[in-house]
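In what follows, a structure is listed as structure tokens, so that the remarks can point back to it.
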Amino acid sequence: MLSEKIIFLSLLLISETILGITTWTVPPKIYNQNTGFSYLAFSSGCNSLNLAIDALPCNPAFIAKERRDRFAAHLFLGNNISYLKQVRDLSEGTASETTIRDLFQRHENEELQTQLEVGYLNETYGWAVTPFELKYLSSFQNQSLPKISLYASIEESAKVQFGSFIDNHWAYGVQLRYLQRRFVNSEFFLTESLTSDGDQILQTQKQNLFFIEPAMMYAPEAHSLNPEFSLFLANLALGDTNQSALPVIPQLHITSSINPVINHGRFGIGFDISLDKNLDKGYGPFTLASFYEFGILRLLGSLGRAENTIGATVFDSWWNVSLVYKTETYENALSEAYEQRKSYLFLGIDL
Amino acid sequence: MSFFIFLFFLPACQKKQKTQSIRNTTEKATVLIDKGDYSSAIELLESEMNSPAFTSDNREELSLVLASAYAARAGIKIENYWDYLIGFDTFVKTIESANSNFDMIPESMVPENLDLETKEKIKQINANIKNIKAIEQKAAKIPLISESGSSDILRARYFLKSTVKPSSKLYRSMLTAVQLKHHLSQKTQFLIKTLNNESDWCAIHISELSSWIDEALSLIDDGLEDLAVAIPSEKENYKRMQTDIYKQQQDLTTSNEVSDISKVLCYLKK
């Protein structure tokens, strides 16, 4: 009898959650992955590359290959700072006609991300703390009666990576990550925000997650191409994983890369296959990523069916500046593809 | 027991599926509106509205999107009406601030020997025209829609008539303001010409003029009705204004009863 009551209450809770139509489906890549500039620059391809642009490598298995001590502080600015002001003006009713017209000219999945990160990396372990990461994503549709989809979050996170070689070829790495997120996720008509219907629009929700993300790597020694193969289980989480708006979906990354020794500079190319339960809904699991370093210049890029990036970093022994240009492909309700172009700026200090 | 639980939740599951289907429809229609294919959006939404599993819960969102598709086809873009949305009772306030110095029939022109009743009615006509002119001036910022646009706005307002949410009513009141602007534009040019002595006063048919004013007042009344739902804190104010409008409409009806007032006007001008 008790179990039936539990089933009844559970079904009631589920049905209430599903019938509520004030939320929208935020693209998982906005919230459902590790953060940092590397992910923006290489997308999932960063899991295949042994390149620590952020405080820690994307794939914890690579920490086993680290051979230096490094303290890093990074400030990352996403595109469209002015856009944030425009949206704020609109929600406060102080927007001008020009502002609204401007918002509708680039209305789909407009994004802002800003992050501050400090961290330390050692031969076998590393840590990184992100005191704040701001993410803002919105979409404007229907110029006659604007329908606004809005996701805004402030995240604080801390992560620790440790790893080591098991023998000459095999290595392991584990990332433990804690994430605390306060977010707003809603979809509403503009007229709702101007009346009592909009009282719940900006209601803040919380999500606390603890991730355990293991990885294994096979890197055969003394091979001219320096190949690396890895398996990385990301987003394996405990905590508020069943938030209807932001479900946490574990992902298995199968990666491979080569880093051939070349006469001038350093070159690496790799690919990542991301497998999760939503595989059939996306644009396919493959991402190719590559970089080339020469002197103080690093060129980087990635290629996938849903995302392409190209960028450049200028770096010295203690500072670096990066600029990345990104094209994203989305699908609208009529199953038609459309593209979005974004740019990002990244400032870093390494001590 | 589990079987009964299954039966209990079966309708809820069907409702959920229907809600999802309607959500898909409104999403598709919204994309079509963004692409400028308004007629396809209207067709899609109207076919969903006619579906048998349609419930009142779903009506609100479908009606709103359908109304917006008609409004979009009429050329409504929110940025052009932003002033109205953030100061939505502008056209209401106009009634109180009506302060035009124009008299359609100046007092000096009215013969002293005219009976008192007709004199009162002429004053009433002057007052009504003043109000309408003031509203027209206030509505100057609202862009004018075409004749075909007007019938789309009419349809949009029709679909929103049965909605209950404040936000839907606010949108409907905005569309009412657009309709009012269109309505006023049909006759004001003629009136301005008449006032400037460019037109024949004998051509003015008072009953036609009265019904035109009456329709404008009805539109304002309709807008106030919606605003009272949209902004409940101002409900008392809007109700008071509606009472004033009702009084004006009553006066208008009485002025129509003076059958020969057109002839009086024509005579005065000559």
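To be explicit about the labels: the chains of the structure tokens are called A, B, and onward in the order shown, and within each one the residues are counted from 1, while ligands get numbers from 1 in the order they are shown.
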
For chain B against chain A, with a cut-off of 7 Å and counting only C-alpha atoms, what is the closest atom pair and its distance in Å to one decimal for every residue that makes the cut, ordered by chain and number, as JSON lines?
{"residue": "B:Lys16", "atom": "CA", "partner": "A:Leu19", "partner_atom": "CA", "distance": 6.3}
{"residue": "B:Glu27", "atom": "CA", "partner": "A:Ala333", "partner_atom": "CA", "distance": 5.9}
{"residue": "B:Lys28", "atom": "CA", "partner": "A:Ala333", "partner_atom": "CA", "distance": 5.1}
{"residue": "B:Thr30", "atom": "CA", "partner": "A:Asn142", "partner_atom": "CA", "distance": 6.0}
{"residue": "B:Val31", "atom": "CA", "partner": "A:Ala333", "partner_atom": "CA", "distance": 6.8}
{"residue": "B:Ile33", "atom": "CA", "partner": "A:Asn142", "partner_atom": "CA", "distance": 6.2}
{"residue": "B:Asp34", "atom": "CA", "partner": "A:Asn142", "partner_atom": "CA", "distance": 5.5}
{"residue": "B:Ser68", "atom": "CA", "partner": "A:Ser144", "partner_atom": "CA", "distance": 5.7}
{"residue": "B:Ala71", "atom": "CA", "partner": "A:Ser144", "partner_atom": "CA", "distance": 6.4}
{"residue": "B:Ala72", "atom": "CA", "partner": "A:Ser144", "partner_atom": "CA", "distance": 5.1}
{"residue": "B:Ile76", "atom": "CA", "partner": "A:Ser144", "partner_atom": "CA", "distance": 5.4}
{"residue": "B:Lys77", "atom": "CA", "partner": "A:Ser144", "partner_atom": "CA", "distance": 4.6}
{"residue": "B:Ile78", "atom": "CA", "partner": "A:Ser144", "partner_atom": "CA", "distance": 5.3}
{"residue": "B:Glu79", "atom": "CA", "partner": "A:Glu97", "partner_atom": "CA", "distance": 5.0}
{"residue": "B:Asn80", "atom": "CA", "partner": "A:Glu97", "partner_atom": "CA", "distance": 6.9}
{"residue": "B:Trp82", "atom": "CA", "partner": "A:Glu97", "partner_atom": "CA", "distance": 6.8}
{"residue": "B:Ile86", "atom": "CA", "partner": "A:Gly93", "partner_atom": "CA", "distance": 6.5}
{"residue": "B:Pro166", "atom": "CA", "partner": "A:Thr195", "partner_atom": "CA", "distance": 6.2}
{"residue": "B:Ser167", "atom": "CA", "partner": "A:Glu192", "partner_atom": "CA", "distance": 4.8}
{"residue": "B:Leu170", "atom": "CA", "partner": "A:Thr191", "partner_atom": "CA", "distance": 6.7}
{"residue": "B:Tyr171", "atom": "CA", "partner": "A:Thr191", "partner_atom": "CA", "distance": 6.6}
{"residue": "B:Ala230", "atom": "CA", "partner": "A:Thr195", "partner_atom": "CA", "distance": 6.4}
{"residue": "B:Ile231", "atom": "CA", "partner": "A:Thr195", "partner_atom": "CA", "distance": 6.7}

What does the file look like for those residues with C-alpha atoms, as a short mmCIF file (atom, residue, chain, number, x, y, z; two decimals), in the first residue's frame?
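Generated file (selection.cif):
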data_model
loop_
_atom_site.label_atom_id
_atom_site.label_comp_id
_atom_site.auth_asym_id
_atom_site.auth_seq_id
_atom_site.Cartn_x
_atom_site.Cartn_y
_atom_site.Cartn_z
CA LYS B 16 0.32 15.82 -21.60
CA GLU B 27 6.65 26.53 -32.17
CA LYS B 28 6.28 25.71 -35.87
CA THR B 30 6.27 30.96 -34.61
CA VAL B 31 9.04 29.95 -37.01
CA ILE B 33 5.82 33.98 -38.57
CA ASP B 34 9.52 34.79 -38.29
CA SER B 68 -0.13 37.40 -33.27
CA ALA B 71 -1.34 40.90 -36.31
CA ALA B 72 1.97 40.13 -38.02
CA ILE B 76 2.34 44.85 -36.51
CA LYS B 77 5.89 44.90 -35.21
CA ILE B 78 6.29 45.32 -31.50
CA GLU B 79 8.96 48.02 -31.68
CA ASN B 80 6.47 50.32 -33.40
CA TRP B 82 6.49 49.82 -27.69
CA ILE B 86 4.93 50.49 -21.63
CA PRO B 166 -3.80 39.47 -18.16
CA SER B 167 -1.00 39.25 -20.75
CA LEU B 170 -2.89 43.54 -22.62
CA TYR B 171 -2.04 42.38 -26.15
CA ALA B 230 -4.49 43.19 -17.62
CA ILE B 231 -3.80 45.65 -14.79
#

- Task: Please identify all polymer residues within 7 Å of Phe76 of chain A, counting only C-alpha atoms, omitting same-chain residues fewer than 6 positions from it, and present them as a ChimeraX atom specification.
- Result: /A:114-116,345-347

- Message: Show me, as a PyMOL selection string, the residues that have an atom within 9 Å of Arg157 of chain B when counting only C-alpha atoms, minus same-chain residues fewer than 6 positions from it.
- Response: chain B and resi 67+172-173+175-176

- Taking the chain letters and numbering used in this document, name the residues of segment 100-266 of chain A that DSSP puts in strand (DSSP E), as a VMD selection string. chain A and resid 110 to 121 125 to 141 147 to 165 170 to 189 205 to 218 228 to 234 237 to 239 251 to 258 266

- Task: Determine, counting only C-alpha atoms, which protein, DNA and RNA residues have an atom within 12 Å of an atom of Ile296 of chain A; residues of the same chain fewer than 6 positions away are not included. Present the result as a PyMOL selection string.
- Result: chain A and resi 265-266+312-322

- Message: List the spatial neighbours of Asn47 of chain A as a PyMOL selection string - criterion: any atom at most 12 Å away, only C-alpha atoms, same-chain residues fewer than 3 positions off excluded.
- Response: chain A and resi 33-34+38-44+50-52+56-63+215-217+228-234+251-257+269-274+286-290+302

- Task: Please provide as a list in words all residues within 9 Å of Arg68 of chain A, with the sequence filter that same-chain residues fewer than 4 positions apart are discarded (counting only C-alpha atoms).
- Result: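 What passes the distance filter is Leu121, Asn122 and Glu123 of chain A.
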
Take the residues that were just selected and, keeping C-alpha atoms, output them as an mmCIF file, in the first residue's frame.
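The resulting result31.cif:
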data_model
loop_
_atom_site.group_PDB
_atom_site.id
_atom_site.type_symbol
_atom_site.label_atom_id
_atom_site.label_comp_id
_atom_site.auth_asym_id
_atom_site.auth_seq_id
_atom_site.Cartn_x
_atom_site.Cartn_y
_atom_site.Cartn_z
ATOM 1 C CA LEU A 121 48.800 22.293 -12.107
ATOM 2 C CA ASN A 122 51.504 19.873 -11.039
ATOM 3 C CA GLU A 123 53.034 16.677 -12.398
#

- Task: Name the closest residue to Asn168 of chain A among the candidates A:His264, A:Arg182, A:Lys277, A:Lys65; distances are taken between atoms, counting only C-alpha atoms.
- Result: A:Lys65

- Message: So, with only C-alpha atoms as the atoms that count, which of A:Leu225, A:Val118, A:Leu112, A:Ala72 lies closest to Asn259 of chain A?
- Response: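 Closest to Asn259 of chain A, using only C-alpha atoms: A:Leu225.
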
- Task: Determine the nearest neighbour of Gln161 of chain A from the options A:Thr130, A:Asn185, A:Thr124, A:Ser224, counting only C-alpha atoms.
- Result: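 Smallest distance to Gln161 of chain A is found for A:Thr124.
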